[in-house]
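Structure below is my_file.pdb: PDB, C-alpha atoms.
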```pdb
ATOM      1  CA  MET A   1     232.373  26.302  -2.497
ATOM      2  CA  THR A   2     230.361  28.788  -4.512
ATOM      3  CA  THR A   3     231.766  32.292  -4.965
ATOM      4  CA  GLN A   4     229.981  35.000  -2.996
ATOM      5  CA  LEU A   5     228.498  38.044  -4.689
ATOM      6  CA  VAL A   6     229.986  41.375  -3.562
ATOM      7  CA  PHE A   7     228.067  44.624  -3.977
ATOM      8  CA  ARG A   8     229.797  48.001  -3.600
ATOM      9  CA  GLN A   9     229.069  51.661  -4.192
ATOM     10  CA  ASP A  10     232.604  52.732  -5.119
ATOM     11  CA  PRO A  11     234.150  52.584  -8.601
ATOM     12  CA  PRO A  12     236.127  49.518  -9.666
ATOM     13  CA  PRO A  13     239.926  49.468  -9.366
ATOM     14  CA  ALA A  14     241.975  49.937 -12.510
ATOM     15  CA  LEU A  15     243.107  46.750 -14.210
ATOM     16  CA  ASP A  16     246.810  45.835 -14.093
ATOM     17  CA  SER A  17     246.769  45.584 -17.861
ATOM     18  CA  VAL A  18     244.046  46.036 -20.474
ATOM     19  CA  TRP A  19     243.930  43.630 -23.411
ATOM     20  CA  TRP A  20     240.765  44.870 -25.089
ATOM     21  CA  ALA A  21     238.395  47.754 -24.430
ATOM     22  CA  ARG A  22     235.446  49.039 -26.425
ATOM     23  CA  ASN A  23     232.244  50.976 -26.109
ATOM     24  CA  TRP A  24     229.379  49.045 -27.617
ATOM     25  CA  PRO A  25     225.853  50.177 -28.564
ATOM     26  CA  SER A  26     223.068  48.762 -26.417
ATOM     27  CA  ARG A  27     221.757  46.624 -29.239
ATOM     28  CA  LEU A  28     220.821  43.088 -28.294
ATOM     29  CA  ASP A  29     220.998  42.101 -31.958
ATOM     30  CA  ARG A  30     224.719  42.920 -31.846
ATOM     31  CA  LYS A  31     225.596  41.592 -28.412
ATOM     32  CA  LEU A  32     226.986  38.308 -29.738
ATOM     33  CA  GLU A  33     229.594  40.242 -31.731
ATOM     34  CA  ALA A  34     230.827  41.855 -28.523
ATOM     35  CA  ILE A  35     230.738  38.574 -26.630
ATOM     36  CA  GLU A  36     232.725  36.799 -29.335
ATOM     37  CA  GLU A  37     235.365  39.539 -29.374
ATOM     38  CA  VAL A  38     235.862  39.199 -25.622
ATOM     39  CA  GLN A  39     235.823  35.426 -25.835
ATOM     40  CA  ASN A  40     238.387  35.407 -28.666
ATOM     41  CA  THR A  41     240.638  37.759 -26.689
ATOM     42  CA  LEU A  42     240.666  35.391 -23.723
ATOM     43  CA  ILE A  43     241.067  32.260 -25.851
ATOM     44  CA  ALA A  44     243.978  33.761 -27.796
ATOM     45  CA  ARG A  45     245.767  34.374 -24.492
ATOM     46  CA  GLY A  46     245.089  30.877 -23.173
ATOM     47  CA  GLN A  47     242.955  32.168 -20.325
ATOM     48  CA  VAL A  48     240.023  29.774 -20.600
ATOM     49  CA  ALA A  49     239.996  25.988 -21.004
ATOM     50  CA  GLU A  50     238.064  24.720 -24.000
ATOM     51  CA  ASP A  51     235.776  22.700 -21.736
ATOM     52  CA  ASP A  52     234.785  25.910 -19.964
ATOM     53  CA  LEU A  53     233.810  27.973 -23.010
ATOM     54  CA  HIS A  54     230.097  27.503 -22.331
ATOM     55  CA  TRP A  55     230.564  28.977 -18.839
ATOM     56  CA  LEU A  56     232.453  31.951 -20.267
ATOM     57  CA  MET A  57     229.745  32.477 -22.874
ATOM     58  CA  LEU A  58     227.061  32.325 -20.199
ATOM     59  CA  CYS A  59     228.827  34.871 -17.949
ATOM     60  CA  LEU A  60     229.481  37.271 -20.814
ATOM     61  CA  ASP A  61     225.938  36.941 -22.067
ATOM     62  CA  GLU A  62     224.450  37.639 -18.638
ATOM     63  CA  ALA A  63     226.695  40.664 -18.045
ATOM     64  CA  VAL A  64     226.217  42.216 -21.477
ATOM     65  CA  THR A  65     222.490  41.514 -21.659
ATOM     66  CA  ASN A  66     221.852  42.967 -18.204
ATOM     67  CA  ALA A  67     223.882  46.095 -19.000
ATOM     68  CA  MET A  68     222.097  46.696 -22.314
ATOM     69  CA  LEU A  69     218.598  45.696 -21.304
ATOM     70  CA  HIS A  70     218.307  46.738 -17.660
ATOM     71  CA  GLY A  71     221.128  49.253 -17.186
ATOM     72  CA  ASN A  72     220.705  51.215 -20.413
ATOM     73  CA  GLU A  73     217.058  50.166 -20.855
ATOM     74  CA  GLY A  74     217.754  49.019 -24.403
ATOM     75  CA  ASP A  75     218.481  52.560 -25.615
ATOM     76  CA  HIS A  76     220.575  52.040 -28.763
ATOM     77  CA  THR A  77     222.110  55.502 -28.398
ATOM     78  CA  VAL A  78     223.581  54.721 -24.980
ATOM     79  CA  PRO A  79     226.664  52.499 -25.105
ATOM     80  CA  ILE A  80     227.955  50.013 -22.615
ATOM     81  CA  ALA A  81     231.701  49.903 -21.913
ATOM     82  CA  ILE A  82     233.563  46.600 -21.918
ATOM     83  CA  GLN A  83     237.112  45.998 -20.719
ATOM     84  CA  VAL A  84     239.137  42.799 -20.685
ATOM     85  CA  GLY A  85     242.449  42.522 -18.879
ATOM     86  CA  THR A  86     244.174  41.259 -15.771
ATOM     87  CA  SER A  87     244.186  41.929 -12.054
ATOM     88  CA  ASP A  88     246.242  39.991  -9.485
ATOM     89  CA  GLY A  89     247.072  37.268 -11.980
ATOM     90  CA  ARG A  90     243.506  36.601 -13.024
ATOM     91  CA  TRP A  91     241.699  37.538 -16.198
ATOM     92  CA  VAL A  92     238.997  40.125 -15.616
ATOM     93  CA  VAL A  93     236.014  41.385 -17.597
ATOM     94  CA  VAL A  94     234.399  44.691 -16.651
ATOM     95  CA  VAL A  95     231.042  45.731 -18.139
ATOM     96  CA  SER A  96     229.622  49.159 -17.310
ATOM     97  CA  ASP A  97     226.266  50.651 -18.192
ATOM     98  CA  GLN A  98     224.953  54.168 -17.660
ATOM     99  CA  GLY A  99     221.976  53.274 -15.509
ATOM    100  CA  ASP A 100     221.369  53.884 -11.822
ATOM    101  CA  GLY A 101     222.333  50.396 -10.695
ATOM    102  CA  PHE A 102     220.021  48.235  -8.646
ATOM    103  CA  LEU A 103     219.364  47.084  -5.129
ATOM    104  CA  PRO A 104     221.006  43.770  -4.249
ATOM    105  CA  GLU A 105     217.814  42.822  -2.406
ATOM    106  CA  ALA A 106     216.133  42.691  -5.820
ATOM    107  CA  ILE A 107     218.146  39.593  -6.738
ATOM    108  CA  PRO A 108     216.088  36.483  -5.966
ATOM    109  CA  ASP A 109     217.634  34.001  -3.549
ATOM    110  CA  CYS A 110     217.991  30.984  -5.790
ATOM    111  CA  GLU A 111     218.861  28.764  -2.801
ATOM    112  CA  ASN A 112     215.382  29.336  -1.387
ATOM    113  CA  PRO A 113     213.166  26.395  -2.442
ATOM    114  CA  ASP A 114     210.224  28.797  -2.662
ATOM    115  CA  ASN A 115     211.985  30.437  -5.614
ATOM    116  CA  LEU A 116     212.567  27.216  -7.523
ATOM    117  CA  LEU A 117     209.823  27.990 -10.037
ATOM    118  CA  LEU A 118     210.686  31.631 -10.656
ATOM    119  CA  GLU A 119     211.034  32.379 -14.358
ATOM    120  CA  HIS A 120     213.838  34.923 -13.956
ATOM    121  CA  GLY A 121     216.741  35.884 -11.706
ATOM    122  CA  ARG A 122     219.080  32.914 -12.218
ATOM    123  CA  GLY A 123     221.853  34.653 -14.161
ATOM    124  CA  ILE A 124     223.948  35.870 -11.237
ATOM    125  CA  ARG A 125     223.672  32.541  -9.419
ATOM    126  CA  LEU A 126     224.956  30.728 -12.507
ATOM    127  CA  MET A 127     227.851  33.181 -12.893
ATOM    128  CA  LEU A 128     228.857  32.619  -9.263
ATOM    129  CA  GLU A 129     229.103  28.901  -9.894
ATOM    130  CA  TRP A 130     232.054  29.300 -12.270
ATOM    131  CA  LEU A 131     233.742  32.605 -11.485
ATOM    132  CA  ASP A 132     236.348  33.195  -8.774
ATOM    133  CA  GLN A 133     235.093  36.714  -8.160
ATOM    134  CA  LEU A 134     231.915  38.609  -9.050
ATOM    135  CA  ILE A 135     231.624  42.195  -7.852
ATOM    136  CA  TYR A 136     229.068  44.856  -8.660
ATOM    137  CA  PHE A 137     230.545  48.364  -8.357
ATOM    138  CA  HIS A 138     228.889  51.770  -8.684
ATOM    139  CA  GLY A 139     225.766  50.488  -6.964
ATOM    140  CA  GLY A 140     225.303  47.839  -9.627
ATOM    141  CA  SER A 141     226.004  49.703 -12.870
ATOM    142  CA  THR A 142     229.437  48.084 -13.295
ATOM    143  CA  VAL A 143     229.942  44.349 -13.116
ATOM    144  CA  TRP A 144     233.500  43.077 -12.585
ATOM    145  CA  PHE A 145     234.229  39.412 -12.815
ATOM    146  CA  ALA A 146     237.405  37.381 -12.653
ATOM    147  CA  ARG A 147     238.797  33.877 -12.798
ATOM    148  CA  HIS A 148     242.243  32.338 -12.624
ATOM    149  CA  PRO A 149     243.496  30.975 -15.964
ATOM    150  CA  PRO A 150     243.622  27.147 -16.174
ATOM    151  CA  GLN A 151     247.369  26.864 -15.547
ATOM    152  CA  ASP A 152     247.138  28.943 -12.354
ATOM    153  CA  ARG A 153     244.051  27.433 -10.852
ATOM    154  CA  PRO A 154     244.517  26.005  -7.373
ATOM    155  CA  PRO A 155     244.168  22.247  -7.280
ATOM    156  CA  CYS A 156     240.756  20.921  -6.392
ATOM    157  CA  PRO A 157     240.570  19.716  -2.797
ATOM    158  CA  SER A 158     240.874  15.956  -2.608
ATOM    159  CA  THR A 159     237.669  14.160  -1.837
TER     160      THR A 159
ATOM    161  CA  MET B 160     206.244  30.569 -34.597
ATOM    162  CA  SER B 161     209.934  29.803 -34.285
ATOM    163  CA  GLU B 162     212.233  28.607 -37.030
ATOM    164  CA  HIS B 163     214.460  27.005 -34.414
ATOM    165  CA  VAL B 164     212.262  24.085 -33.431
ATOM    166  CA  ILE B 165     210.933  21.079 -35.357
ATOM    167  CA  ILE B 166     207.711  19.740 -33.896
ATOM    168  CA  GLU B 167     206.311  16.316 -34.699
ATOM    169  CA  SER B 168     203.244  14.706 -33.165
ATOM    170  CA  TYR B 169     202.522  11.009 -33.139
ATOM    171  CA  ASP B 170     200.761   8.565 -30.861
ATOM    172  CA  LYS B 171     199.607  11.492 -28.686
ATOM    173  CA  ILE B 172     203.219  12.386 -28.001
ATOM    174  CA  VAL B 173     204.713  15.673 -29.149
ATOM    175  CA  LEU B 174     208.426  15.685 -29.944
ATOM    176  CA  ALA B 175     209.967  19.156 -30.124
ATOM    177  CA  LYS B 176     213.571  19.228 -31.309
ATOM    178  CA  ILE B 177     215.406  22.494 -30.901
ATOM    179  CA  THR B 178     217.744  23.075 -33.818
ATOM    180  CA  LYS B 179     219.647  26.136 -32.601
ATOM    181  CA  GLU B 180     223.078  25.646 -31.047
ATOM    182  CA  ARG B 181     223.061  28.924 -29.104
ATOM    183  CA  LEU B 182     220.002  29.933 -27.116
ATOM    184  CA  LEU B 183     221.268  33.359 -26.150
ATOM    185  CA  GLU B 184     219.417  36.017 -28.118
ATOM    186  CA  PRO B 185     216.013  37.348 -27.064
ATOM    187  CA  VAL B 186     214.825  37.174 -30.686
ATOM    188  CA  VAL B 187     215.478  33.432 -30.540
ATOM    189  CA  ILE B 188     214.444  32.674 -26.956
ATOM    190  CA  GLY B 189     211.129  34.585 -26.958
ATOM    191  CA  PRO B 190     209.557  33.022 -30.080
ATOM    192  CA  LEU B 191     210.919  29.592 -29.149
ATOM    193  CA  GLY B 192     209.315  29.726 -25.715
ATOM    194  CA  ALA B 193     206.054  30.985 -27.242
ATOM    195  CA  ALA B 194     206.040  28.171 -29.808
ATOM    196  CA  LEU B 195     206.464  25.541 -27.106
ATOM    197  CA  LEU B 196     203.732  27.053 -24.928
ATOM    198  CA  LYS B 197     201.443  27.090 -27.950
ATOM    199  CA  GLU B 198     201.906  23.328 -28.304
ATOM    200  CA  VAL B 199     200.829  22.906 -24.685
ATOM    201  CA  ASP B 200     197.638  24.817 -25.532
ATOM    202  CA  ARG B 201     197.020  22.827 -28.728
ATOM    203  CA  HIS B 202     197.198  19.336 -27.208
ATOM    204  CA  ALA B 203     195.014  18.226 -24.317
ATOM    205  CA  ARG B 204     197.169  16.743 -21.535
ATOM    206  CA  ILE B 205     200.230  16.970 -23.705
ATOM    207  CA  ALA B 206     203.089  14.461 -23.462
ATOM    208  CA  LEU B 207     205.924  16.715 -24.570
ATOM    209  CA  VAL B 208     209.431  15.458 -25.266
ATOM    210  CA  LEU B 209     211.842  18.369 -25.623
ATOM    211  CA  ASP B 210     215.002  17.339 -27.446
ATOM    212  CA  LEU B 211     217.887  19.678 -26.567
ATOM    213  CA  SER B 212     220.650  17.584 -28.120
ATOM    214  CA  GLU B 213     221.632  20.353 -30.564
ATOM    215  CA  VAL B 214     221.936  23.015 -27.858
ATOM    216  CA  GLU B 215     225.458  23.877 -26.764
ATOM    217  CA  TYR B 216     224.915  27.275 -25.118
ATOM    218  CA  MET B 217     221.943  28.394 -23.060
ATOM    219  CA  ALA B 218     221.256  31.746 -21.389
ATOM    220  CA  SER B 219     219.488  31.876 -18.052
ATOM    221  CA  ALA B 220     216.564  33.478 -19.880
ATOM    222  CA  PHE B 221     215.909  30.177 -21.643
ATOM    223  CA  ILE B 222     216.065  28.314 -18.342
ATOM    224  CA  GLY B 223     213.243  30.648 -17.288
ATOM    225  CA  GLN B 224     211.342  29.591 -20.404
ATOM    226  CA  LEU B 225     211.815  25.941 -19.446
ATOM    227  CA  VAL B 226     210.368  26.665 -16.016
ATOM    228  CA  ALA B 227     207.398  28.453 -17.619
ATOM    229  CA  LEU B 228     206.903  25.432 -19.870
ATOM    230  CA  HIS B 229     207.053  23.056 -16.889
ATOM    231  CA  LYS B 230     204.391  25.106 -15.102
ATOM    232  CA  ALA B 231     202.126  25.288 -18.174
ATOM    233  CA  VAL B 232     202.375  21.523 -18.710
ATOM    234  CA  GLY B 233     201.541  21.000 -15.041
ATOM    235  CA  VAL B 234     198.438  23.193 -15.272
ATOM    236  CA  ALA B 235     197.393  21.238 -18.369
ATOM    237  CA  LYS B 236     197.925  17.979 -16.434
ATOM    238  CA  GLY B 237     200.393  16.915 -19.100
ATOM    239  CA  ARG B 238     203.904  15.518 -19.001
ATOM    240  CA  LEU B 239     207.240  16.996 -20.015
ATOM    241  CA  ALA B 240     210.630  15.362 -20.486
ATOM    242  CA  LEU B 241     213.924  17.073 -21.334
ATOM    243  CA  CYS B 242     216.301  14.996 -23.425
ATOM    244  CA  GLY B 243     219.785  15.077 -24.868
ATOM    245  CA  LEU B 244     221.248  17.642 -22.507
ATOM    246  CA  LYS B 245     224.902  18.161 -23.395
ATOM    247  CA  PRO B 246     227.643  18.300 -20.744
ATOM    248  CA  SER B 247     227.599  22.078 -21.168
ATOM    249  CA  ILE B 248     223.895  22.311 -20.307
ATOM    250  CA  LEU B 249     223.206  19.716 -17.625
ATOM    251  CA  PRO B 250     225.321  21.469 -14.927
ATOM    252  CA  LEU B 251     223.236  24.644 -15.363
ATOM    253  CA  ILE B 252     220.076  22.678 -14.630
ATOM    254  CA  LYS B 253     221.665  20.953 -11.635
ATOM    255  CA  VAL B 254     223.121  24.142 -10.132
ATOM    256  CA  MET B 255     219.639  25.619 -10.116
ATOM    257  CA  ASN B 256     218.232  22.419  -8.538
ATOM    258  CA  LEU B 257     215.906  22.100 -11.495
ATOM    259  CA  ASP B 258     216.865  18.444 -11.936
ATOM    260  CA  LYS B 259     214.485  17.927  -8.994
ATOM    261  CA  ILE B 260     211.494  19.096 -11.008
ATOM    262  CA  PHE B 261     212.384  18.212 -14.598
ATOM    263  CA  VAL B 262     212.189  14.668 -15.895
ATOM    264  CA  ILE B 263     215.468  14.232 -17.783
ATOM    265  CA  TYR B 264     216.428  11.481 -20.219
ATOM    266  CA  PRO B 265     219.673  10.975 -22.131
ATOM    267  CA  GLU B 266     217.838  10.522 -25.429
ATOM    268  CA  ALA B 267     214.442  11.469 -26.825
ATOM    269  CA  GLN B 268     213.580   7.874 -27.731
ATOM    270  CA  ALA B 269     213.829   6.796 -24.091
ATOM    271  CA  ALA B 270     211.293   9.461 -23.076
ATOM    272  CA  ILE B 271     209.002   8.579 -25.974
ATOM    273  CA  ASN B 272     209.056   4.928 -24.954
ATOM    274  CA  LEU B 273     208.242   5.845 -21.366
ATOM    275  CA  PHE B 274     205.366   8.102 -22.374
ATOM    276  CA  LYS B 275     203.993   5.356 -24.625
ATOM    277  CA  ARG B 276     204.072   2.874 -21.752
ATOM    278  CA  GLN B 277     202.419   5.380 -19.448
ATOM    279  CA  ALA B 278     199.773   6.494 -21.942
ATOM    280  CA  PRO B 279     196.614   7.521 -20.073
TER     281      PRO B 279
END
```

Could you spell out this file's structure in structure tokens?
Amino acid sequence: MTTQLVFRQDPPPALDSVWWARNWPSRLDRKLEAIEEVQNTLIARGQVAEDDLHWLMLCLDEAVTNAMLHGNEGDHTVPIAIQVGTSDGRWVVVVSDQGDGFLPEAIPDCENPDNLLLEHGRGIRLMLEWLDQLIYFHGGSTVWFARHPPQDRPPCPST
Amino acid sequence: MSEHVIIESYDKIVLAKITKERLLEPVVIGPLGAALLKEVDRHARIALVLDLSEVEYMASAFIGQLVALHKAVGVAKGRLALCGLKPSILPLIKVMNLDKIFVIYPEAQAAINLFKRQAP
């Protein structure tokens, strides 16, 4: 079953522990450096299976790109904040921008066949496919996503 | 023009092989999409084989470019086949139900052979 998107106005809860936290300039030409630092943090702690690295990369790329490009409108002087840590036994990544958020209604419904040929708006749907939890806090200016590490994942239901 | 695609034309078929492993950065995705659309404009009723066998990571923005390419080829009454999708890429296409609109082949040669057989 696909994870459901949650959209809230309140701030995110504090993480149980923080493994890595940085402010990062809203420079798309440097986003891969940030993504690789987060990825390496999670890999070093055995939080992501090797076969899933492309999903992790996709989720990080969507979150960081959206924060830099839409949240901070690409302003190099305005940083995004990135945190990596744990909450309730799952690894968590939190990415915050300094924008005004967005309206959840603005996200295209990718399950609607009429939207099949849209050229944008697929990022969140793809993230939901792999993550255990995807929450937008602060009206959309903070994205919080989580997944159980491989060793703690519940077994797949038998078919 | 993009440095991340090699384009060859023969027998009225255009083979475009993407040579970049990560399609994540706007400075890569934008010019790459533009280069592919330009090929659609250059060839009447193009038969375009897009070889993605080198691509390991793909942002949703590039999926949008693939949809734009599909639409442009349709308007031009051409044909498009995606080939060589790695196990990291194919699920993204399927999750978005785009396997219903894209013609997908395991290898470029299979698509080339099909296009040759179906030459108008």

Residue IDs satisfying the ChimeraX specification (/B :<10) & /A, as a PDB file with C-alpha atoms, in the coordinates of the input:
```
ATOM      1  CA  LEU A  28     220.821  43.088 -28.294  1.00  0.00           C
ATOM      2  CA  ASP A  29     220.998  42.101 -31.958  1.00  0.00           C
ATOM      3  CA  ARG A  30     224.719  42.920 -31.846  1.00  0.00           C
ATOM      4  CA  LYS A  31     225.596  41.592 -28.412  1.00  0.00           C
ATOM      5  CA  LEU A  32     226.986  38.308 -29.738  1.00  0.00           C
ATOM      6  CA  ASP A  51     235.776  22.700 -21.736  1.00  0.00           C
ATOM      7  CA  ASP A  52     234.785  25.910 -19.964  1.00  0.00           C
ATOM      8  CA  LEU A  53     233.810  27.973 -23.010  1.00  0.00           C
ATOM      9  CA  HIS A  54     230.097  27.503 -22.331  1.00  0.00           C
ATOM     10  CA  TRP A  55     230.564  28.977 -18.839  1.00  0.00           C
ATOM     11  CA  MET A  57     229.745  32.477 -22.874  1.00  0.00           C
ATOM     12  CA  LEU A  58     227.061  32.325 -20.199  1.00  0.00           C
ATOM     13  CA  CYS A  59     228.827  34.871 -17.949  1.00  0.00           C
ATOM     14  CA  LEU A  60     229.481  37.271 -20.814  1.00  0.00           C
ATOM     15  CA  ASP A  61     225.938  36.941 -22.067  1.00  0.00           C
ATOM     16  CA  GLU A  62     224.450  37.639 -18.638  1.00  0.00           C
ATOM     17  CA  THR A  65     222.490  41.514 -21.659  1.00  0.00           C
ATOM     18  CA  CYS A 110     217.991  30.984  -5.790  1.00  0.00           C
ATOM     19  CA  GLU A 111     218.861  28.764  -2.801  1.00  0.00           C
ATOM     20  CA  PRO A 113     213.166  26.395  -2.442  1.00  0.00           C
ATOM     21  CA  LEU A 116     212.567  27.216  -7.523  1.00  0.00           C
ATOM     22  CA  LEU A 117     209.823  27.990 -10.037  1.00  0.00           C
ATOM     23  CA  LEU A 118     210.686  31.631 -10.656  1.00  0.00           C
ATOM     24  CA  GLU A 119     211.034  32.379 -14.358  1.00  0.00           C
ATOM     25  CA  HIS A 120     213.838  34.923 -13.956  1.00  0.00           C
ATOM     26  CA  GLY A 121     216.741  35.884 -11.706  1.00  0.00           C
ATOM     27  CA  ARG A 122     219.080  32.914 -12.218  1.00  0.00           C
ATOM     28  CA  GLY A 123     221.853  34.653 -14.161  1.00  0.00           C
ATOM     29  CA  ILE A 124     223.948  35.870 -11.237  1.00  0.00           C
ATOM     30  CA  ARG A 125     223.672  32.541  -9.419  1.00  0.00           C
ATOM     31  CA  LEU A 126     224.956  30.728 -12.507  1.00  0.00           C
ATOM     32  CA  MET A 127     227.851  33.181 -12.893  1.00  0.00           C
ATOM     33  CA  GLU A 129     229.103  28.901  -9.894  1.00  0.00           C
TER      34      GLU A 129
END
```

>> Report, in Å to a single decimal, how far apart atom CA of Ala231 of chain B and atom CA of Leu211 of chain B are.
In response: 18.7 Å

>> To one decimal place in Å, what is the distance between atom CA of Arg201 of chain B and atom CA of Pro265 of chain B?
In response: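 We find that atom CA of Arg201 of chain B and atom CA of Pro265 of chain B lie 26.4 Å from each other.
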
Residue members of the PyMOL selection byres ((chain B and resi 162) around 12) in the file shown, as a PDB file with C-alpha atoms, keeping the file's coordinate frame:
```pdb
ATOM      1  CA  MET B 160     206.244  30.569 -34.597  1.00  0.00           C
ATOM      2  CA  SER B 161     209.934  29.803 -34.285  1.00  0.00           C
ATOM      3  CA  HIS B 163     214.460  27.005 -34.414  1.00  0.00           C
ATOM      4  CA  VAL B 164     212.262  24.085 -33.431  1.00  0.00           C
ATOM      5  CA  ILE B 165     210.933  21.079 -35.357  1.00  0.00           C
ATOM      6  CA  ILE B 166     207.711  19.740 -33.896  1.00  0.00           C
ATOM      7  CA  ALA B 175     209.967  19.156 -30.124  1.00  0.00           C
ATOM      8  CA  LYS B 176     213.571  19.228 -31.309  1.00  0.00           C
ATOM      9  CA  ILE B 177     215.406  22.494 -30.901  1.00  0.00           C
ATOM     10  CA  THR B 178     217.744  23.075 -33.818  1.00  0.00           C
ATOM     11  CA  LYS B 179     219.647  26.136 -32.601  1.00  0.00           C
ATOM     12  CA  VAL B 186     214.825  37.174 -30.686  1.00  0.00           C
ATOM     13  CA  VAL B 187     215.478  33.432 -30.540  1.00  0.00           C
ATOM     14  CA  ILE B 188     214.444  32.674 -26.956  1.00  0.00           C
ATOM     15  CA  GLY B 189     211.129  34.585 -26.958  1.00  0.00           C
ATOM     16  CA  PRO B 190     209.557  33.022 -30.080  1.00  0.00           C
ATOM     17  CA  LEU B 191     210.919  29.592 -29.149  1.00  0.00           C
ATOM     18  CA  GLY B 192     209.315  29.726 -25.715  1.00  0.00           C
ATOM     19  CA  ALA B 193     206.054  30.985 -27.242  1.00  0.00           C
ATOM     20  CA  ALA B 194     206.040  28.171 -29.808  1.00  0.00           C
ATOM     21  CA  LEU B 195     206.464  25.541 -27.106  1.00  0.00           C
TER      22      LEU B 195
END
```

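Here atom CA of Phe145 of chain A and atom CA of Lys253 of chain B stand 22.4 Å from one another.
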
> Could you pull the residues within 12 Å of Gly85 of chain A, counting all atoms listed in the file, minus those fewer than 3 positions along the same chain, as a list in words?
Replying inline: Ala14, Leu15, Asp16, Ser17, Val18, Trp19, Trp20, Ala21, Val38, Gln39, Thr41, Leu42, Arg45, Gln47, Ile82, Asp88, Gly89, Arg90, Trp91, Val92, Val93, Val94, Val95, Trp144, Phe145, Ala146, Arg147, His148 and Pro149 of chain A

>> Here is a test: counting only C-alpha atoms, which residue of A:Thr142, A:Thr2, A:Gln83, A:Asn115 is nearest to Phe102 of chain A?
In response: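 Selected residue with least distance to Phe102 of chain A: A:Thr142.
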